[in-house]
file protein_26.cif (mmCIF, C-alpha atoms)
data_query
#
loop_
_atom_site.label_atom_id
_atom_site.label_comp_id
_atom_site.auth_asym_id
_atom_site.auth_seq_id
_atom_site.Cartn_x
_atom_site.Cartn_y
_atom_site.Cartn_z
CA MET A 1 -84.46 -151.71 62.06
CA SER A 2 -82.91 -151.58 58.60
CA LYS A 3 -81.67 -148.46 56.84
CA LYS A 4 -84.23 -146.30 55.09
CA LYS A 5 -84.22 -144.24 51.95
CA ALA A 6 -86.30 -141.25 50.85
CA CYS A 7 -86.69 -138.92 47.94
CA LEU A 8 -85.23 -135.48 48.62
CA ASN A 9 -86.09 -133.89 45.30
CA PRO A 10 -87.94 -130.67 46.28
CA SER A 11 -90.03 -130.69 43.10
CA CYS A 12 -91.27 -134.27 43.70
CA SER A 13 -94.73 -134.76 45.24
CA ASP A 14 -93.27 -137.53 47.39
CA CYS A 15 -90.38 -135.43 48.71
CA ARG A 16 -89.78 -136.20 52.40
CA LYS A 17 -93.05 -138.12 52.66
CA THR A 18 -92.38 -141.83 52.22
CA LYS A 19 -89.51 -143.96 53.36
CA TYR A 20 -88.33 -146.79 51.18
CA LYS A 21 -86.26 -149.88 51.77
CA ALA A 22 -82.49 -149.68 51.36
CA SER A 23 -82.73 -151.91 48.28
CA GLU A 24 -84.81 -149.29 46.40
CA LYS A 25 -82.74 -147.04 44.18
CA LEU A 26 -85.00 -144.59 42.39
CA CYS A 27 -88.05 -142.63 43.45
CA PRO A 28 -91.20 -144.21 41.90
CA HIS A 29 -92.71 -140.73 41.48
CA CYS A 30 -89.95 -138.66 39.93
CA GLY A 31 -87.17 -141.15 39.17
CA GLU A 32 -84.65 -139.23 41.28
CA GLN A 33 -81.95 -141.17 43.15
CA LEU A 34 -83.11 -142.06 46.66
CA LYS A 35 -80.88 -141.15 49.58
CA PHE A 36 -80.28 -142.77 52.92
CA VAL A 37 -82.15 -140.90 55.61
CA CYS A 38 -82.70 -141.30 59.33
CA ALA A 39 -85.11 -144.16 60.08
CA GLN A 40 -86.88 -142.17 62.82
CA LYS A 41 -90.45 -141.23 61.97
CA GLY A 42 -90.66 -137.63 60.72
CA CYS A 43 -86.88 -137.15 60.48
CA TYR A 44 -85.39 -136.94 57.00
CA LYS A 45 -81.83 -136.02 57.83
CA VAL A 46 -79.44 -137.49 55.28
CA ILE A 47 -77.03 -139.98 56.77
CA SER A 48 -73.76 -141.15 55.31
CA THR A 49 -73.70 -144.17 53.03
CA LYS A 50 -70.54 -145.38 54.77
CA THR A 51 -72.06 -145.70 58.23
CA LYS A 52 -74.14 -148.66 59.39
CA GLU A 53 -76.26 -146.41 61.61
CA THR A 54 -79.95 -146.29 60.79
CA TYR A 55 -80.65 -143.14 62.81
CA CYS A 56 -79.01 -139.75 62.70
CA GLN A 57 -76.92 -138.80 65.72
CA LEU A 58 -79.61 -136.58 67.21
CA CYS A 59 -82.38 -139.17 66.89
CA LYS A 60 -80.07 -141.86 68.19
CA ALA A 61 -79.28 -139.71 71.22
CA ALA A 62 -83.01 -139.03 71.74
CA ILE A 63 -83.79 -142.77 71.53
CA ASP A 64 -81.00 -143.53 74.01
CA ASP A 65 -82.36 -140.81 76.30
CA ARG A 66 -85.83 -142.35 76.13
CA LYS A 67 -84.41 -145.80 76.92
CA ALA A 68 -82.51 -144.36 79.84
CA GLU A 69 -85.65 -142.58 81.03
CA PHE A 70 -87.64 -145.81 80.68
CA TRP A 71 -85.17 -147.77 82.75
CA ASP A 72 -85.02 -144.99 85.31
CA GLY A 73 -88.81 -145.09 85.52
CA ALA A 74 -88.78 -148.86 85.66
CA LYS A 75 -86.26 -148.73 88.48
CA LYS A 76 -88.41 -146.26 90.38
CA VAL A 77 -91.58 -148.31 89.83
CA GLY A 78 -89.69 -151.46 90.75
CA GLY A 79 -88.36 -149.79 93.87
CA VAL A 80 -91.82 -148.61 94.91
CA ALA A 81 -93.33 -152.02 94.14
CA LEU A 82 -90.58 -153.73 96.08
CA SER A 83 -91.01 -151.46 99.05
CA ILE A 84 -94.78 -151.99 98.97
CA GLY A 85 -94.25 -155.76 98.69
CA LEU A 86 -91.79 -155.77 101.53
CA SER A 87 -94.04 -153.69 103.73
CA PHE A 88 -96.94 -156.01 102.90
CA VAL A 89 -94.87 -159.09 103.76
CA GLY A 90 -93.68 -157.39 106.91
CA PHE A 91 -97.25 -156.53 107.84
CA LYS A 92 -98.36 -160.11 107.23
CA PHE A 93 -95.59 -161.57 109.35
CA SER A 94 -96.22 -159.08 112.12
CA GLY A 95 -99.95 -160.14 112.06
CA ARG A 96 -99.04 -163.80 112.44
CA LYS A 97 -96.95 -163.16 115.52
CA LYS A 98 -99.94 -161.54 117.18
CA MET B 1 -78.89 -116.62 53.27
CA ASN B 2 -78.38 -115.26 49.85
CA PRO B 3 -74.81 -113.94 49.60
CA GLU B 4 -75.83 -111.41 46.98
CA GLU B 5 -77.97 -109.63 49.56
CA ASN B 6 -74.90 -108.95 51.64
CA SER B 7 -72.34 -108.44 48.94
CA PHE B 8 -69.97 -105.51 49.30
CA ASP B 9 -68.95 -104.38 45.87
CA LEU B 10 -65.60 -102.63 45.96
CA VAL B 11 -66.61 -100.50 43.00
CA GLU B 12 -69.58 -99.06 44.88
CA PRO B 13 -69.01 -95.89 46.90
CA VAL B 14 -68.17 -96.22 50.59
CA MET B 15 -71.19 -97.18 52.64
CA GLN B 16 -72.82 -95.10 55.33
CA GLU B 17 -71.44 -95.50 58.84
CA ILE B 18 -73.44 -98.17 60.65
CA SER B 19 -73.82 -98.85 64.35
CA PRO B 20 -70.67 -100.46 65.81
CA TYR B 21 -72.87 -102.96 67.61
CA ASP B 22 -74.54 -104.06 64.39
CA VAL B 23 -73.59 -107.65 63.48
CA SER B 24 -72.32 -106.57 60.09
CA TYR B 25 -70.05 -103.83 61.51
CA PRO B 26 -66.70 -105.73 61.31
CA VAL B 27 -67.10 -106.81 57.70
CA VAL B 28 -68.39 -103.36 56.72
CA LEU B 29 -65.41 -101.76 58.49
CA LEU B 30 -63.01 -103.99 56.54
CA SER B 31 -64.87 -103.47 53.29
CA ASN B 32 -64.98 -99.68 53.76
CA GLY B 33 -61.31 -99.65 54.76
CA ILE B 34 -60.35 -101.49 51.60
CA LYS B 35 -62.49 -99.18 49.47
CA ASN B 36 -60.99 -96.10 51.08
CA GLU B 37 -57.49 -97.45 50.57
CA LEU B 38 -58.20 -98.23 46.93
CA GLU B 39 -59.71 -94.79 46.36
CA ARG B 40 -56.71 -93.14 48.03
CA ALA B 41 -54.35 -95.31 46.02
CA GLN B 42 -56.15 -94.32 42.84
CA THR B 43 -55.84 -90.60 43.68
CA ILE B 44 -52.17 -90.93 44.56
CA ALA B 45 -51.50 -92.91 41.39
CA GLN B 46 -53.20 -90.16 39.38
CA ASN B 47 -51.12 -87.50 41.16
CA ILE B 48 -47.95 -89.41 40.35
CA TYR B 49 -49.00 -89.78 36.74
CA HIS B 50 -49.71 -86.04 36.38
CA ALA B 51 -46.50 -85.13 38.15
CA VAL B 52 -44.45 -87.39 35.89
CA VAL B 53 -46.10 -86.01 32.77
CA ARG B 54 -45.60 -82.41 33.94
CA GLU B 55 -41.98 -82.92 34.83
CA MET B 56 -41.03 -85.14 31.92
CA PRO B 57 -38.05 -82.96 30.81
CA ALA B 58 -36.68 -83.01 34.32
CA LEU B 59 -37.13 -86.75 34.73
CA THR B 60 -33.94 -87.06 36.72
CA GLN B 61 -35.25 -84.69 39.33
CA VAL B 62 -38.49 -86.65 39.56
CA GLN B 63 -36.44 -89.76 40.11
CA GLN B 64 -34.76 -87.96 43.02
CA ALA B 65 -38.14 -86.85 44.31
CA MET B 66 -39.32 -90.42 44.42
CA ASP B 67 -36.22 -91.37 46.39
CA LYS B 68 -36.00 -88.39 48.75
CA GLY B 69 -38.91 -86.08 48.14
CA CYS B 70 -36.57 -83.04 48.11
CA ARG B 71 -33.50 -81.51 46.47
CA TYR B 72 -30.80 -79.26 47.80
CA VAL B 73 -30.35 -75.88 46.14
CA VAL B 74 -27.80 -73.10 46.57
CA ASP B 75 -29.55 -69.96 47.76
CA ALA B 76 -27.62 -67.40 45.69
CA SER B 77 -28.24 -64.34 43.56
CA GLU B 78 -27.95 -64.23 39.75
CA SER B 79 -24.43 -62.75 39.84
CA THR B 80 -23.25 -65.37 42.31
CA ILE B 81 -24.61 -68.14 40.11
CA GLN B 82 -22.64 -66.76 37.18
CA ALA B 83 -19.57 -66.86 39.36
CA ILE B 84 -20.32 -70.44 40.43
CA GLU B 85 -20.50 -71.53 36.80
CA SER B 86 -16.93 -70.51 36.22
CA GLY B 87 -15.33 -71.93 39.37
CA ALA B 88 -15.00 -74.94 41.69
CA LEU B 89 -17.38 -75.46 44.59
CA LYS B 90 -16.82 -76.78 48.10
CA LEU B 91 -19.48 -77.99 50.49
CA THR B 92 -19.05 -77.45 54.23
CA GLN B 93 -21.23 -78.13 57.27
CA GLU B 94 -21.53 -75.90 60.33
CA ASN B 95 -24.09 -76.09 63.15
CA GLY B 96 -26.07 -78.60 61.19
CA ARG B 97 -26.37 -76.34 58.15
CA THR B 98 -24.70 -76.87 54.79
CA TYR B 99 -22.79 -74.14 52.95
CA ALA B 100 -21.22 -73.91 49.53
CA GLN B 101 -17.93 -72.10 49.07
CA LEU B 102 -16.69 -70.86 45.73
CA ARG B 103 -13.00 -71.10 44.85
CA VAL B 104 -11.75 -67.91 43.37
CA ASN B 105 -8.07 -67.45 42.54
CA GLY B 106 -7.07 -70.47 44.66
CA LYS B 107 -9.00 -69.25 47.73
CA TYR B 108 -12.46 -70.14 48.98
CA GLY B 109 -14.82 -67.20 49.25
CA SER B 110 -17.86 -66.46 51.39
CA LYS B 111 -20.19 -69.27 52.51
CA LEU B 112 -23.41 -69.58 50.57
CA PRO B 113 -26.23 -71.23 52.58
CA ILE B 114 -27.82 -74.27 50.98
CA LYS B 115 -31.49 -74.67 51.77
CA LYS B 116 -33.75 -77.69 51.47
CA GLU B 117 -36.47 -77.16 48.91
CA VAL B 118 -39.37 -79.56 48.79
CA PHE B 119 -40.43 -79.22 45.20
CA ARG B 120 -42.75 -82.13 44.65
CA LYS B 121 -45.63 -81.87 47.07
CA GLY B 122 -48.06 -84.79 46.91
CA ILE B 123 -45.47 -87.48 46.20
CA ASP B 124 -44.89 -88.87 49.65
CA PRO B 125 -42.70 -92.00 49.31
CA THR B 126 -44.62 -93.91 52.04
CA GLN B 127 -47.95 -92.94 50.55
CA MET B 128 -46.71 -93.90 47.14
CA ALA B 129 -45.49 -97.29 48.36
CA ASN B 130 -48.92 -97.97 49.90
CA ALA B 131 -50.64 -96.81 46.72
CA LEU B 132 -48.50 -99.13 44.63
CA GLN B 133 -49.25 -101.98 46.99
CA MET B 134 -53.00 -101.43 47.03
CA GLN B 135 -53.19 -100.98 43.27
CA ALA B 136 -51.13 -104.09 42.65
CA LEU B 137 -53.24 -106.10 45.11
CA GLN B 138 -56.64 -104.86 43.96
CA ASN B 139 -57.66 -108.07 42.21
CA GLN B 140 -56.49 -110.32 45.04
CA ILE B 141 -58.22 -108.13 47.63
CA GLN B 142 -61.47 -108.21 45.66
CA ALA B 143 -61.31 -112.01 45.41
CA VAL B 144 -60.67 -112.33 49.15
CA THR B 145 -63.48 -109.87 49.98
CA GLN B 146 -65.98 -111.85 47.91
CA GLN B 147 -65.01 -115.03 49.76
CA LEU B 148 -65.32 -113.22 53.09
CA VAL B 149 -68.83 -112.07 52.20
CA LEU B 150 -69.84 -115.70 51.62
CA ILE B 151 -68.43 -116.73 55.00
CA ASP B 152 -70.12 -113.76 56.63
CA GLY B 153 -73.46 -114.82 55.18
CA SER B 154 -72.95 -118.26 56.62
CA VAL B 155 -72.38 -117.11 60.18
CA ARG B 156 -74.42 -113.94 60.55
CA GLU B 157 -77.75 -115.57 61.35
CA VAL B 158 -76.23 -117.21 64.40
CA LEU B 159 -75.19 -113.86 65.83
CA GLN B 160 -78.69 -112.59 66.38
CA GLY B 161 -79.37 -112.43 70.08
CA GLN B 162 -76.26 -114.30 71.17
CA GLN B 163 -74.75 -112.96 74.38
CA ASN B 164 -72.47 -114.63 76.88
CA ASP B 165 -69.23 -114.15 78.75
CA ARG B 166 -67.01 -115.74 76.11
CA ILE B 167 -67.71 -112.96 73.69
CA GLY B 168 -66.96 -110.25 76.25
CA MET B 169 -63.39 -109.96 74.96
CA TYR B 170 -64.69 -109.25 71.48
CA TYR B 171 -66.86 -106.40 72.74
CA SER B 172 -63.93 -105.13 74.82
CA GLY B 173 -61.77 -104.96 71.67
CA LEU B 174 -64.56 -103.32 69.70
CA SER B 175 -65.14 -100.75 72.42
CA LEU B 176 -61.42 -99.90 72.66
CA PHE B 177 -61.20 -99.48 68.90
CA LEU B 178 -64.20 -97.15 68.87
CA GLU B 179 -62.66 -95.10 71.69
CA SER B 180 -59.37 -94.91 69.83
CA ARG B 181 -61.14 -93.34 66.85
CA SER B 182 -62.25 -90.35 68.91
CA VAL B 183 -58.91 -89.81 70.72
CA SER B 184 -56.90 -86.86 69.40
CA ASP B 185 -53.56 -87.77 71.00
CA ALA B 186 -51.62 -89.99 68.57
CA GLY B 187 -49.78 -91.91 71.31
CA LEU B 188 -52.93 -92.73 73.22
CA ARG B 189 -54.69 -93.65 69.99
CA ASN B 190 -51.93 -96.09 69.06
CA ALA B 191 -51.97 -97.58 72.56
CA LEU B 192 -55.75 -98.05 72.44
CA GLN B 193 -55.55 -99.63 69.00
CA ALA B 194 -52.87 -102.02 70.25
CA GLN B 195 -55.04 -102.93 73.25
CA ALA B 196 -58.04 -103.44 70.97
CA LEU B 197 -56.05 -105.75 68.72
CA ARG B 198 -54.78 -107.69 71.71
CA SER B 199 -58.29 -108.11 73.09
CA LEU B 200 -59.57 -109.30 69.74
CA THR B 201 -56.67 -111.72 69.28
CA GLU B 202 -57.24 -113.19 72.74
CA SER B 203 -60.95 -113.46 72.05
CA THR B 204 -60.28 -115.20 68.71
CA PHE B 205 -57.91 -117.77 70.18
CA GLN B 206 -60.06 -118.50 73.23
CA LEU B 207 -63.04 -119.10 70.98
CA LYS B 208 -60.98 -121.22 68.58
CA LEU B 209 -59.90 -123.48 71.43
CA THR B 210 -63.47 -123.68 72.71
CA MET B 211 -64.73 -124.56 69.27
CA GLU B 212 -62.07 -127.24 68.77
CA SER B 213 -62.82 -128.76 72.16
CA ASP B 214 -66.58 -128.80 71.39
CA ILE B 215 -65.91 -130.54 68.07
CA ARG B 216 -63.67 -133.08 69.79
CA TYR B 217 -66.42 -133.70 72.38
CA LEU B 218 -68.86 -134.62 69.61
CA ALA B 219 -66.35 -136.59 67.53
CA GLN B 220 -65.39 -138.73 70.52
CA LYS B 221 -69.05 -139.10 71.52
CA GLU B 222 -68.33 -138.03 75.06
CA TYR B 223 -72.01 -137.21 75.54
CA GLU B 224 -72.70 -140.94 75.73
CA LYS B 225 -71.22 -140.96 79.21
CA THR B 226 -74.20 -138.97 80.48
CA LYS B 227 -77.39 -140.98 80.37
CA GLY B 228 -80.71 -139.28 79.77
CA LYS B 229 -79.30 -135.93 78.64
CA ARG B 230 -77.48 -136.88 75.44
CA LYS B 231 -79.60 -134.90 73.01
CA GLU B 232 -79.54 -131.87 75.27
CA LEU B 233 -75.72 -132.05 75.45
CA ILE B 234 -75.38 -132.42 71.67
CA VAL B 235 -77.64 -129.43 71.03
CA SER B 236 -75.79 -127.28 73.56
CA HIS B 237 -72.36 -128.16 72.08
CA VAL B 238 -73.54 -127.52 68.50
CA ASN B 239 -74.91 -124.14 69.60
CA ASN B 240 -71.56 -123.34 71.20
CA ILE B 241 -69.75 -124.29 67.99
CA ASN B 242 -72.01 -122.07 65.88
CA GLN B 243 -71.60 -119.21 68.31
CA SER B 244 -67.82 -119.58 68.52
CA PHE B 245 -67.49 -119.66 64.73
CA ALA B 246 -69.63 -116.56 64.39
CA PHE B 247 -67.59 -114.55 66.89
CA ILE B 248 -64.26 -115.82 65.57
CA HIS B 249 -65.39 -114.48 62.22
CA GLN B 250 -66.47 -111.14 63.72
CA ALA B 251 -63.25 -110.70 65.73
CA THR B 252 -61.09 -111.64 62.72
CA MET B 253 -62.90 -109.22 60.42
CA LEU B 254 -62.53 -106.47 63.00
CA ARG B 255 -58.79 -107.17 63.38
CA ALA B 256 -58.30 -107.12 59.63
CA GLY B 257 -60.43 -103.95 59.45
CA ILE B 258 -58.32 -102.21 62.10
CA TYR B 259 -55.07 -103.15 60.31
CA CYS B 260 -56.55 -101.87 57.04
CA ASP B 261 -57.69 -98.69 58.79
CA ILE B 262 -54.17 -97.94 60.02
CA GLY B 263 -52.57 -98.87 56.68
CA GLU B 264 -50.85 -102.09 57.82
CA HIS B 265 -51.67 -104.19 54.77
CA ALA B 266 -49.16 -106.95 55.45
CA SER B 267 -50.61 -107.50 58.93
CA MET B 268 -54.12 -107.50 57.47
CA ALA B 269 -53.07 -110.18 55.00
CA HIS B 270 -51.51 -112.17 57.84
CA VAL B 271 -54.79 -112.08 59.82
CA LEU B 272 -56.71 -113.25 56.74
CA GLU B 273 -54.17 -115.99 56.09
CA GLU B 274 -54.52 -117.23 59.66
CA TYR B 275 -58.32 -117.21 59.24
CA SER B 276 -57.98 -119.10 55.97
CA TYR B 277 -56.00 -121.82 57.78
CA PHE B 278 -58.70 -121.98 60.48
CA ILE B 279 -61.45 -122.33 57.85
CA ASP B 280 -59.56 -125.17 56.15
CA THR B 281 -58.46 -127.12 59.21
CA VAL B 282 -61.37 -126.64 61.61
CA VAL B 283 -64.54 -125.62 59.76
CA ALA B 284 -64.36 -127.34 56.36
CA LYS B 285 -62.64 -130.46 57.72
CA ASN B 286 -65.32 -131.11 60.37
CA ALA B 287 -68.32 -129.94 58.35
CA GLY B 288 -69.43 -133.52 57.57
CA LEU B 289 -69.39 -134.53 61.21
CA LEU B 290 -71.15 -131.37 62.37
CA SER B 291 -73.91 -131.68 59.78
CA GLN B 292 -74.94 -134.91 61.52
CA TYR B 293 -75.26 -133.19 64.89
CA ASP B 294 -76.75 -129.83 63.95
CA MET B 295 -80.54 -129.93 64.14
CA ASN B 296 -80.76 -126.98 61.71
CA ASP B 297 -78.91 -128.96 59.06
CA ASP B 298 -80.77 -131.45 56.87
CA GLY B 299 -77.57 -133.22 55.85
CA THR B 300 -78.04 -132.52 52.14
CA ASP B 301 -75.56 -130.83 49.81
CA THR B 302 -77.44 -127.57 50.32
CA GLY B 303 -77.34 -127.87 54.11
CA LEU B 304 -75.69 -125.37 56.43
CA TRP B 305 -72.50 -127.34 57.08
CA ALA B 306 -72.21 -128.64 53.52
CA GLY B 307 -72.12 -124.99 52.48
CA ARG B 308 -69.55 -124.26 55.17
CA SER B 309 -67.39 -127.18 54.02
CA GLN B 310 -66.99 -125.38 50.70
CA LEU B 311 -65.95 -122.13 52.32
CA LYS B 312 -62.54 -121.15 51.13
CA LEU B 313 -60.50 -118.08 51.81
CA ASP B 314 -57.65 -118.12 49.34
CA THR B 315 -55.11 -115.59 50.56
CA ALA B 316 -52.10 -117.19 48.85
CA ASP B 317 -52.04 -114.73 45.94
CA LEU B 318 -52.52 -111.76 48.24
CA THR B 319 -49.71 -112.83 50.58
CA LYS B 320 -47.43 -113.62 47.65
CA ALA B 321 -48.09 -110.24 46.06
CA LEU B 322 -47.56 -108.46 49.37
CA SER B 323 -44.28 -110.20 50.10
CA SER B 324 -42.97 -109.58 46.60
CA PRO B 325 -40.17 -106.96 46.83
CA LYS B 326 -40.85 -105.64 43.34
CA LYS B 327 -44.14 -103.98 42.53
CA THR B 328 -44.75 -102.28 39.23
CA LEU B 329 -47.61 -99.94 38.52
CA TYR B 330 -48.21 -98.81 34.95
CA LEU B 331 -49.53 -95.27 35.00
CA GLY B 332 -51.60 -93.95 32.15
CA ILE B 333 -51.09 -96.94 29.88
CA ALA B 334 -54.81 -97.35 29.33
CA GLN B 335 -55.08 -93.67 28.46
CA GLU B 336 -52.20 -93.91 25.97
CA GLU B 337 -53.67 -97.03 24.43
CA SER B 338 -57.05 -95.36 23.97
CA GLU B 339 -55.33 -92.33 22.42
CA ASN B 340 -53.47 -94.64 20.02
CA GLU B 341 -56.71 -96.36 19.14
CA GLN B 342 -58.31 -92.99 18.48
CA GLU B 343 -55.39 -91.97 16.25
CA GLU B 344 -55.63 -95.26 14.34
CA SER B 345 -59.35 -94.87 13.83
CA LEU B 346 -58.86 -91.28 12.60
CA SER B 347 -56.15 -92.29 10.12
#
call {"tool": "encode", "arguments": {"input": "protein_26.cif", "output": "structure tokens"}}
result
Amino acid sequence: MSKKKACLNPSCSDCRKTKYKASEKLCPHCGEQLKFVCAQKGCYKVISTKTKETYCQLCKAAIDDRKAEFWDGAKKVGGVALSIGLSFVGFKFSGRKK
Amino acid sequence: MNPEENSFDLVEPVMQEISPYDVSYPVVLLSNGIKNELERAQTIAQNIYHAVVREMPALTQVQQAMDKGCRYVVDASESTIQAIESGALKLTQENGRTYAQLRVNGKYGSKLPIKKEVFRKGIDPTQMANALQMQALQNQIQAVTQQLVLIDGSVREVLQGQQNDRIGMYYSGLSLFLESRSVSDAGLRNALQAQALRSLTESTFQLKLTMESDIRYLAQKEYEKTKGKRKELIVSHVNNINQSFAFIHQATMLRAGIYCDIGEHASMAHVLEEYSYFIDTVVAKNAGLLSQYDMNDDGTDTGLWAGRSQLKLDTADLTKALSSPKKTLYLGIAQEESENEQEESLS
């Protein structure tokens, strides 16, 4: 995802509502300079112009946590599926012997 | 928080005593201490002015009073004094007392006791030195107090409802100081104040180290080592940083307040100077980084940490003025000037 910009002028009707592309410079509603903000939906924390990060540190950490949770879940599901598969295979082979 | 809501104007009369466990107690203690000192200094300065005006013909004696606070007089009758005027005088000491002996016809006569007469009550040299210091430092102290009020406004919200073991030392120091205020024995009072200061100093430095280590943890992104709990770790470290800063501020204000309360202005300035260094090197320097991690900060120029990055406690003038060996206080100049102006307008 690319960096996002938003209008942070409190008197603008579009303040903290729409996110614009990084190439946009001025707010189409009030003409105020747009600022780089976190690309996460609903988060408008200003991020530094120097950094290449698209998310603020908190959102980035939350995204990483969700990824980690997903992989943990996937591992658990995989483990359960594998154990079910193995038990099924084992059951099938035991049936053949009989 | 609007700083004006919490401003402590030094011109305003001393505030009512508030609960020691109120979050604003340390800064109010310091503010009240400074006000009291300035009021006392003003009274002493006025006393000096009146004394100097009253004793203008005997200016030499006043000079002596400022040096010693007393003069030595010969306790003799009128006839003896007449005799003294016409002859030589010898001073002798016996059993710790001083005597004057008059030389009459080549021989010394009876011993006349010399007694110490304190003739200028109200001009205590120590009091006067403190008064001079406080008067000379008034502007610098006011500037520092205004800056402290801004810092106080920045940290006070965090203090609401914060309790844990790391701030126990602060409460220990506060409790000892409060006890010392009700002790009548001077020795015990001094000992309790020293213990209170020690507790507060230890609390300050423990919290400073904790705060620095929490900042380092975030700067080095050590939370990335723990998968699945990164946001939780960031939030907990940022909370710790906010809490540490708030209690460092409280403990420092209380230390400065105690030093002000006992009249140790140089030590008070030293505490504030140390705090100024901490603000510059730890708070303001890392404000940009911390604004990215604090969920209560929107990252804008009006955000919490952006405001903290501009915090500045300039104690240079105060320290310079305190360490200056020469302090001059002009008594009654304004009054004379106004009188001159009145005379000019009349003519």
call {"tool": "closest_atom_pairs", "arguments": {"input": "protein_26.cif", "of": "chain B", "to": "chain A", "cutoff": "6 Å", "atoms": "only C-alpha atoms", "output": "CSV"}}
result
residue,atom,partner,partner_atom,distance
B:Gly228,CA,A:Asp65,CA,4.1
B:Arg230,CA,A:Ala61,CA,5.4
B:Lys231,CA,A:Ala61,CA,5.1
B:Tyr293,CA,A:Gln57,CA,5.9
B:Asp298,CA,A:Lys45,CA,4.8
B:Gly299,CA,A:Val46,CA,4.7
call {"tool": "axis_aligned_box", "arguments": {"input": "protein_26.cif", "around": "region 280-298 of chain B", "padding_each_side": "8 Å", "output": "lines of an AutoDock Vina configuration file"}}
result
center_x = -69.6
center_y = -130.0
center_z = 60.5
size_x = 38.3
size_y = 25.7
size_z = 24.7
call {"tool": "residues_around", "arguments": {"input": "protein_26.cif", "residues": "region 187-196 of chain B", "least_positions_apart": "4", "cutoff": "6 Å", "atoms": "all atoms listed in the file", "output": "list in words"}}
result
Gly173, Leu176, Phe177, Ser180 and Val183 of chain B
call {"tool": "residues_around", "arguments": {"input": "protein_26.cif", "residues": "Lys21 (chain A)", "least_positions_apart": "2", "cutoff": "12 Å", "atoms": "only C-alpha atoms", "output": "NGL selection string"}}
result
:A and (1-7 or 18-19 or 23-27 or 34-39 or 54)
call {"tool": "atom_distance", "arguments": {"input": "protein_26.cif", "atom1": "CA of Cys15 (chain A)", "atom2": "CA of Glu53 (chain A)"}}
result
22.1 Å
call {"tool": "atom_distance", "arguments": {"input": "protein_26.cif", "atom1": "CA of Leu148 (chain B)", "atom2": "CA of Tyr21 (chain B)"}}
result
19.3 Å
call {"tool": "residues_around", "arguments": {"input": "protein_26.cif", "residues": "Gly263 (chain B)", "least_positions_apart": "2", "cutoff": "8 Å", "atoms": "all atoms listed in the file", "output": "list in words"}}
result
Glu37, Asn130, Tyr259, Cys260, Asp261 and His265 of chain B
call {"tool": "write_last_selection", "arguments": {"input": "protein_26.cif", "atoms": "C-alpha atoms", "output": "PDB file, in the frame of the given file"}}
result
ATOM      1  CA  GLU B  37     -57.490 -97.450  50.570  1.00  0.00           C
ATOM      2  CA  ASN B 130     -48.920 -97.970  49.900  1.00  0.00           C
ATOM      3  CA  TYR B 259     -55.070-103.150  60.310  1.00  0.00           C
ATOM      4  CA  CYS B 260     -56.550-101.870  57.040  1.00  0.00           C
ATOM      5  CA  ASP B 261     -57.690 -98.690  58.790  1.00  0.00           C
ATOM      6  CA  HIS B 265     -51.670-104.190  54.770  1.00  0.00           C
TER       7      HIS B 265
END
call {"tool": "resolve_selection", "arguments": {"input": "protein_26.cif", "expression": "the PyMOL selection byres ((chain A and resi 30) around 10)", "output": "ChimeraX atom specification"}}
result
/A:7,9,11-15,26-29,31-33
call {"tool": "closest_residue", "arguments": {"input": "protein_26.cif", "among": "B:Met211, B:Tyr171, B:Thr302, B:Ser244", "to": "Asn286 (chain B)", "atoms": "only C-alpha atoms"}}
result
B:Met211
call {"tool": "build_atoms", "arguments": {"input": "protein_26.cif", "residues": "region 58-64 of chain A", "atoms": "N, CA, C and O atoms", "output": "CSV table (one decimal), keeping the file's coordinate frame"}}
result
chain,number,residue,atom,x,y,z
A,58,LEU,N,-78.7,-137.2,66.3
A,58,LEU,CA,-79.6,-136.6,67.2
A,58,LEU,C,-80.7,-137.5,67.6
A,58,LEU,O,-81.1,-137.6,68.8
A,59,CYS,N,-81.3,-138.2,66.6
A,59,CYS,CA,-82.4,-139.2,66.9
A,59,CYS,C,-81.9,-140.3,67.7
A,59,CYS,O,-82.6,-140.8,68.6
A,60,LYS,N,-80.7,-140.8,67.4
A,60,LYS,CA,-80.1,-141.9,68.2
A,60,LYS,C,-79.9,-141.5,69.7
A,60,LYS,O,-80.2,-142.2,70.6
A,61,ALA,N,-79.4,-140.2,69.9
A,61,ALA,CA,-79.3,-139.7,71.2
A,61,ALA,C,-80.6,-139.6,71.9
A,61,ALA,O,-80.8,-140.0,73.1
A,62,ALA,N,-81.7,-139.2,71.2
A,62,ALA,CA,-83.0,-139.0,71.7
A,62,ALA,C,-83.6,-140.4,72.1
A,62,ALA,O,-84.2,-140.6,73.2
A,63,ILE,N,-83.3,-141.4,71.2
A,63,ILE,CA,-83.8,-142.8,71.5
A,63,ILE,C,-83.1,-143.3,72.8
A,63,ILE,O,-83.7,-143.9,73.7
A,64,ASP,N,-81.8,-143.1,72.8
A,64,ASP,CA,-81.0,-143.5,74.0
A,64,ASP,C,-81.5,-142.9,75.3
A,64,ASP,O,-81.6,-143.5,76.3
